[in-house]
Structure formats: structure tokens, C-alpha cells
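Student: This is data02.txt, which holds compact mmCIF, C-alpha atoms:
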# COMPACT_ATOMS: atom_id res chain seq x y z
CA MET W 29 7.85 14.70 -8.72
CA PRO W 30 7.12 15.77 -5.13
CA GLU W 31 6.89 19.46 -4.32
CA ARG W 32 9.92 21.07 -2.71
CA GLU W 33 7.89 21.99 0.38
CA THR W 34 6.90 18.34 0.94
CA ILE W 35 10.53 17.21 0.76
CA GLU W 36 11.51 19.96 3.22
CA ARG W 37 8.79 18.89 5.66
CA ALA W 38 9.95 15.27 5.43
CA ARG W 39 13.58 16.32 6.03
CA ARG W 40 12.45 18.40 9.03
CA ASP W 41 10.74 15.28 10.43
CA GLN W 42 13.94 13.30 9.84
CA ARG W 43 16.06 15.88 11.69
CA ALA W 44 13.55 15.79 14.55
CA GLY W 45 14.20 12.03 14.80
CA LYS W 46 10.74 10.99 13.67
CA SER W 47 10.14 7.58 12.10
CA ALA W 48 10.35 6.86 8.39
CA SER W 49 6.59 6.30 8.23
CA THR W 50 6.01 9.79 9.70
CA GLN W 51 8.33 11.27 7.09
CA ALA W 52 6.50 9.33 4.36
CA GLY W 53 3.19 10.67 5.70
CA GLU W 54 4.09 14.06 4.22
CA PHE W 55 4.17 12.54 0.74
CA VAL W 56 0.87 10.74 1.31
CA ARG W 57 -0.68 14.03 2.47
CA GLU W 58 0.57 15.73 -0.70
CA GLU W 59 -1.03 12.96 -2.79
CA MET W 60 -4.38 13.37 -1.01
CA ASP W 61 -4.19 17.13 -1.64
CA HIS W 62 -3.54 16.51 -5.35
CA ILE W 63 -6.59 14.27 -5.58
CA ARG W 64 -8.78 16.76 -3.71
CA GLU W 65 -7.57 19.62 -5.93
CA GLY W 66 -8.53 17.57 -8.98
CA LYS W 67 -4.98 17.28 -10.30
CA HIS W 68 -5.68 13.57 -10.76
CA GLY W 69 -7.73 10.78 -9.16
CA ALA W 70 -7.18 7.33 -7.70
CA ARG W 71 -9.13 4.09 -7.75
CA SER W 72 -9.06 3.73 -3.97
CA ALA W 73 -7.59 5.23 -0.81
CA LYS W 74 -5.14 2.31 -0.79
CA GLN W 75 -3.85 3.27 -4.24
CA ALA W 76 -3.52 6.93 -3.24
CA ILE W 77 -1.47 5.93 -0.18
CA ALA W 78 0.69 3.61 -2.31
CA ILE W 79 1.49 6.44 -4.72
CA GLY W 80 2.56 8.65 -1.80
CA LEU W 81 4.74 5.91 -0.30
CA SER W 82 6.37 5.27 -3.66
CA LYS W 83 7.21 8.98 -3.99
CA ALA W 84 8.62 8.98 -0.45
CA ARG W 85 10.91 6.02 -1.18
CA ARG W 86 12.11 7.64 -4.40
CA ALA W 87 12.80 10.87 -2.50
CA GLY W 88 15.12 9.00 -0.15
CA VAL W 89 12.93 8.19 2.87
CA ALA W 90 14.31 4.99 4.43
CA LEU W 91 10.98 3.16 4.36
CA LYS W 92 11.16 -0.64 4.46
CA PRO W 93 9.24 -2.65 1.86
CA PRO W 94 6.20 -4.52 3.20
CA GLY W 95 7.01 -7.82 4.91
CA LYS W 96 6.52 -11.24 3.35
CA GLY W 97 2.83 -12.08 3.28
CA LYS W 98 1.79 -8.45 3.90
CA ALA W 99 1.73 -7.57 0.21
CA SER W 100 2.18 -9.30 -3.13
CA GLU W 101 5.67 -10.14 -4.40
CA GLU W 102 5.21 -7.57 -7.16
CA THR W 103 4.42 -4.82 -4.64
CA ARG W 104 7.43 -5.78 -2.52
CA ARG W 105 9.66 -5.77 -5.61
CA HIS W 106 8.41 -2.31 -6.62
CA ALA W 107 9.02 -1.01 -3.09
CA GLN W 108 12.58 -2.36 -3.11
CA HIS W 109 13.19 -0.79 -6.51
CA ASP W 110 11.82 2.59 -5.34
CA SER W 111 14.12 2.47 -2.29
CA ALA W 112 17.12 1.67 -4.49
CA VAL W 113 16.25 4.59 -6.76
CA GLY W 114 15.96 6.87 -3.73
CA ALA W 115 19.32 5.72 -2.37
CA LYS W 116 21.30 6.43 -5.55
CA GLY W 117 19.36 9.43 -6.87
CA ALA W 118 17.40 8.66 -9.99
CA LYS W 119 17.58 10.17 -13.41
CA PRO W 120 14.46 12.19 -14.27
CA PRO W 121 11.51 9.96 -15.18
CA SER W 122 10.57 9.41 -18.80
CA ALA W 123 8.22 12.17 -19.95
CA LYS W 124 6.16 9.71 -22.02
CA ARG W 125 5.74 7.35 -19.06
CA SER W 126 4.85 10.19 -16.66
CA ARG W 127 2.26 11.50 -19.09
CA ALA W 128 0.73 8.05 -19.52
CA THR W 129 0.51 7.51 -15.75
CA LEU W 130 -1.02 10.93 -15.16
CA SER W 131 -3.60 10.53 -17.94
CA ALA W 132 -4.60 7.13 -16.49
CA LEU W 133 -4.98 8.66 -13.02
CA LYS W 134 -6.98 11.56 -14.44
CA ARG W 135 -9.61 9.09 -15.58
CA GLU W 136 -10.13 7.93 -11.98
CA GLY W 137 -12.47 9.58 -9.50
CA SER W 138 -11.57 11.83 -6.59
CA SER W 139 -13.60 10.04 -3.92
CA ALA W 140 -10.49 8.03 -2.91
CA ALA W 141 -9.29 11.03 -0.88
CA SER W 142 -12.65 11.65 0.81
CA THR W 143 -12.92 11.58 4.59
CA GLN W 144 -15.14 8.49 4.42
CA ALA W 145 -12.74 6.58 2.14
CA LEU W 146 -9.74 7.40 4.34
CA SER W 147 -11.67 6.47 7.48
CA ARG W 148 -12.71 3.16 5.92
CA GLN W 149 -9.10 2.43 4.91
CA THR W 150 -7.78 3.35 8.38
CA LYS W 151 -10.29 1.12 10.15
CA ALA W 152 -9.60 -1.80 7.80
CA ALA W 153 -5.84 -1.44 8.35
CA ALA W 154 -6.27 -1.22 12.13
CA LYS W 155 -8.54 -4.27 12.17
CA LYS W 156 -5.73 -6.39 10.70
CA ARG W 157 -3.49 -5.57 13.69
CA THR W 158 -3.71 -7.27 17.07
CA ALA W 159 -5.05 -5.43 20.09
CA ALA W 160 -1.60 -5.61 21.72
CA ASP W 161 0.00 -4.09 18.63
CA ARG W 162 -2.51 -1.24 18.53
CA SER W 163 -2.07 -0.65 22.24
CA ALA W 164 1.72 -0.54 21.93
CA ALA W 165 1.44 1.96 19.05
CA ALA W 166 -0.88 4.18 21.12
CA ARG W 167 1.51 4.06 24.10
CA LYS W 168 4.45 4.98 21.86
CA ALA W 169 2.44 7.85 20.33
CA ALA W 170 1.65 9.20 23.78
CA ARG W 171 5.29 8.86 24.85
CA THR W 172 6.74 10.54 21.77
CA ARG W 173 4.09 13.24 21.37
CA SER W 174 5.53 16.74 21.28
CA ARG W 175 5.03 18.70 24.50
CA ASN W 176 4.43 22.01 22.72
CA GLY W 177 1.96 20.74 20.14
Output the file's structure as C-alpha cells, nothing else.

Tutor:
Amino acid sequence: MPERETIERARRDQRAGKSASTQAGEFVREEMDHIREGKHGARSAKQAIAIGLSKARRAGVALKPPGKGKASEETRRHAQHDSAVGAKGAKPPSAKRSRATLSALKREGSSAASTQALSRQTKAAAKKRTAADRSAAARKAARTRSRNG
């Protein structure tokens, strides 16, 4: 379950008209903090990000599932399910299932949230995009950047 403060930050982003991925970023940040605090671990930076995105979808962030060919069918199906749960408001998760997931994550290491791991993941993700796509994203970032920081 995401912390109340994280949900509030995401809602603040939504009110400010920021994109769904920016709103979801708050949940990913929370996940990285949990791993760094030692609350649990993750196998890779990719997994840690996926957990954060899943929490965001379940909290009601209108984040689209990955496109065809971008991720496996199973991942896309899970993303669609998480979005559906977020749209209708889910019943609390099963305590037994939550405990099992947490104990599995506790057995993983915490290096997934390290600066190096995140940098490696970021570079790998950027490398998959075209130069034009990266350039357009940078231009949009410059255009939509807040004037007062």
C-alpha cells in the first residue's frame, strides 16, 4: 500500500497538469526509498520500477499499459488489470499474498536502487529510443519546465 504522502504528491502533480508518467514517478521514488531503507529488496532496477508503476496504476494514475512488442503479453495483461483495479477501487489485498510477496522481496538485495543500477537502467532505456524521440522529449521538458524551480 503506498504511503499517504506519495498519493498526495501524485495528486498534486495531476492538479498541476503533469503527465501520468510524472505522477507515477512519485510511486517509483517511494519504491526506491523502501529498497534503500532496507524495507525490502529487488532483483533489478527494472523490477523496482515495475513495482512502483504497478502501485501507481492501482492508486488510480491513468498510466497506459506498455505497447505491443514493448513488453511481454503477461506484463501488458498485468498492467491492464492494475489499471482496472485503480479505476474501480480495489478491495484490500489478501494479507497472506502480501506477506508472501514481501518475504520474497526481502530475500533480494538492495543494490537495485543504487545510483549505478539506476544509471545503467536509464541509459539502457534511452538507448532503445531514437535520437529524434529523445530530442523531442528534451524539447518538451525544456518547454514545460517550471519557471520558479

Student: Give me, please, the distance in Å between CA of Thr34 (chain W) and CA of Gly114 (chain W), quoted to one decimal.

Tutor: 15.3 Å

Student: Tell me which of W:Arg171, W:His68, W:Arg40, W:Lys116 sits closest to Ser131 (chain W), counting all atoms listed in the file.

Tutor: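 Under the stated criterion, the closest residue is W:His68.
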
Student: Could you pull the residues within 8 Å of Ile35 (chain W), counting all atoms listed in the file, minus those fewer than 3 positions along the same chain, as a list of chain:residue names?

Tutor: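 The residues that qualify are W:Pro30, W:Glu31, W:Arg32, W:Ala38, W:Arg39, W:Glu54, W:Phe55, W:Ala87.
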
Student: Rank W:Gln42, W:Ser49, W:Ser147, W:Gln75 by their smallest atom-to-atom distance to Pro93 (chain W), using only C-alpha atoms, and report the top residue only.

Tutor: W:Ser49

Student: In Å to one decimal, how far is CA of Pro94 (chain W) from CA of Glu136 (chain W)?

Tutor: 25.5 Å

Student: Using the partial input, fill out region 60-71 of chain W with all heavy atoms; write the result as an mmCIF file, keeping the file's coordinate frame.

Tutor:
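Written output follows (selection-v1.cif):
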data_model
loop_
_atom_site.group_PDB
_atom_site.id
_atom_site.type_symbol
_atom_site.label_atom_id
_atom_site.label_comp_id
_atom_site.auth_asym_id
_atom_site.auth_seq_id
_atom_site.Cartn_x
_atom_site.Cartn_y
_atom_site.Cartn_z
ATOM 1 N N MET W 60 -2.955 13.144 -1.332
ATOM 2 C CA MET W 60 -4.380 13.370 -1.010
ATOM 3 C C MET W 60 -4.785 14.777 -1.452
ATOM 4 O O MET W 60 -5.880 14.978 -2.001
ATOM 5 C CB MET W 60 -4.635 13.204 0.490
ATOM 6 C CG MET W 60 -4.425 11.812 0.999
ATOM 7 S SD MET W 60 -5.453 10.593 0.155
ATOM 8 C CE MET W 60 -4.696 9.097 0.709
ATOM 9 N N ASP W 61 -3.904 15.748 -1.228
ATOM 10 C CA ASP W 61 -4.190 17.130 -1.640
ATOM 11 C C ASP W 61 -4.338 17.210 -3.159
ATOM 12 O O ASP W 61 -5.243 17.872 -3.667
ATOM 13 C CB ASP W 61 -3.082 18.078 -1.183
ATOM 14 C CG ASP W 61 -3.108 18.323 0.320
ATOM 15 O OD1 ASP W 61 -4.153 18.025 0.942
ATOM 16 O OD2 ASP W 61 -2.095 18.799 0.876
ATOM 17 N N HIS W 62 -3.463 16.506 -3.888
ATOM 18 C CA HIS W 62 -3.540 16.510 -5.350
ATOM 19 C C HIS W 62 -4.872 15.955 -5.824
ATOM 20 O O HIS W 62 -5.488 16.496 -6.744
ATOM 21 C CB HIS W 62 -2.403 15.675 -5.956
ATOM 22 C CG HIS W 62 -1.076 16.363 -5.898
ATOM 23 N ND1 HIS W 62 0.077 15.765 -6.329
ATOM 24 C CD2 HIS W 62 -0.709 17.583 -5.439
ATOM 25 C CE1 HIS W 62 1.089 16.604 -6.163
ATOM 26 N NE2 HIS W 62 0.638 17.705 -5.607
ATOM 27 N N ILE W 63 -5.319 14.884 -5.190
ATOM 28 C CA ILE W 63 -6.590 14.270 -5.580
ATOM 29 C C ILE W 63 -7.747 15.208 -5.267
ATOM 30 O O ILE W 63 -8.653 15.393 -6.084
ATOM 31 C CB ILE W 63 -6.771 12.892 -4.901
ATOM 32 C CG1 ILE W 63 -5.714 11.913 -5.424
ATOM 33 C CG2 ILE W 63 -8.177 12.341 -5.144
ATOM 34 C CD1 ILE W 63 -5.641 10.607 -4.670
ATOM 35 N N ARG W 64 -7.694 15.833 -4.102
ATOM 36 C CA ARG W 64 -8.780 16.760 -3.710
ATOM 37 C C ARG W 64 -8.812 17.993 -4.605
ATOM 38 O O ARG W 64 -9.873 18.537 -4.875
ATOM 39 C CB ARG W 64 -8.606 17.172 -2.246
ATOM 40 C CG ARG W 64 -8.973 16.055 -1.298
ATOM 41 C CD ARG W 64 -8.747 16.425 0.139
ATOM 42 N NE ARG W 64 -9.072 15.287 1.000
ATOM 43 C CZ ARG W 64 -8.435 15.014 2.123
ATOM 44 N NH1 ARG W 64 -7.454 15.786 2.548
ATOM 45 N NH2 ARG W 64 -8.781 13.975 2.841
ATOM 46 N N GLU W 65 -7.632 18.449 -5.046
ATOM 47 C CA GLU W 65 -7.570 19.620 -5.930
ATOM 48 C C GLU W 65 -8.061 19.277 -7.336
ATOM 49 O O GLU W 65 -8.348 20.170 -8.121
ATOM 50 C CB GLU W 65 -6.108 20.090 -6.069
ATOM 51 C CG GLU W 65 -5.548 20.770 -4.847
ATOM 52 C CD GLU W 65 -4.026 20.885 -4.884
ATOM 53 O OE1 GLU W 65 -3.411 20.493 -5.906
ATOM 54 O OE2 GLU W 65 -3.447 21.352 -3.898
ATOM 55 N N GLY W 66 -8.096 17.984 -7.648
ATOM 56 C CA GLY W 66 -8.530 17.570 -8.980
ATOM 57 C C GLY W 66 -7.389 17.428 -9.955
ATOM 58 O O GLY W 66 -7.600 17.329 -11.163
ATOM 59 N N LYS W 67 -6.153 17.449 -9.435
ATOM 60 C CA LYS W 67 -4.980 17.280 -10.300
ATOM 61 C C LYS W 67 -5.025 15.917 -10.982
ATOM 62 O O LYS W 67 -4.677 15.771 -12.136
ATOM 63 C CB LYS W 67 -3.705 17.418 -9.461
ATOM 64 C CG LYS W 67 -2.476 17.756 -10.248
ATOM 65 C CD LYS W 67 -1.297 18.065 -9.345
ATOM 66 C CE LYS W 67 -1.167 19.548 -9.094
ATOM 67 N NZ LYS W 67 0.104 19.864 -8.411
ATOM 68 N N HIS W 68 -5.440 14.911 -10.225
ATOM 69 C CA HIS W 68 -5.680 13.570 -10.760
ATOM 70 C C HIS W 68 -6.564 12.825 -9.765
ATOM 71 O O HIS W 68 -6.945 13.380 -8.741
ATOM 72 C CB HIS W 68 -4.360 12.819 -11.019
ATOM 73 C CG HIS W 68 -3.528 12.591 -9.794
ATOM 74 N ND1 HIS W 68 -3.809 11.616 -8.872
ATOM 75 C CD2 HIS W 68 -2.431 13.243 -9.334
ATOM 76 C CE1 HIS W 68 -2.905 11.667 -7.903
ATOM 77 N NE2 HIS W 68 -2.067 12.641 -8.154
ATOM 78 N N GLY W 69 -6.896 11.573 -10.052
ATOM 79 C CA GLY W 69 -7.730 10.780 -9.160
ATOM 80 C C GLY W 69 -7.004 9.531 -8.717
ATOM 81 O O GLY W 69 -5.806 9.383 -8.943
ATOM 82 N N ALA W 70 -7.736 8.631 -8.088
ATOM 83 C CA ALA W 70 -7.180 7.330 -7.700
ATOM 84 C C ALA W 70 -8.350 6.367 -7.590
ATOM 85 O O ALA W 70 -9.487 6.775 -7.340
ATOM 86 C CB ALA W 70 -6.447 7.425 -6.379
ATOM 87 N N ARG W 71 -8.069 5.089 -7.792
ATOM 88 C CA ARG W 71 -9.130 4.090 -7.750
ATOM 89 C C ARG W 71 -9.620 3.867 -6.331
ATOM 90 O O ARG W 71 -10.793 3.620 -6.105
ATOM 91 C CB ARG W 71 -8.584 2.795 -8.337
ATOM 92 C CG ARG W 71 -9.652 1.800 -8.681
ATOM 93 C CD ARG W 71 -9.180 0.837 -9.730
ATOM 94 N NE ARG W 71 -9.034 1.497 -11.031
ATOM 95 C CZ ARG W 71 -8.812 0.858 -12.159
ATOM 96 N NH1 ARG W 71 -8.697 -0.443 -12.163
ATOM 97 N NH2 ARG W 71 -8.694 1.508 -13.291
#
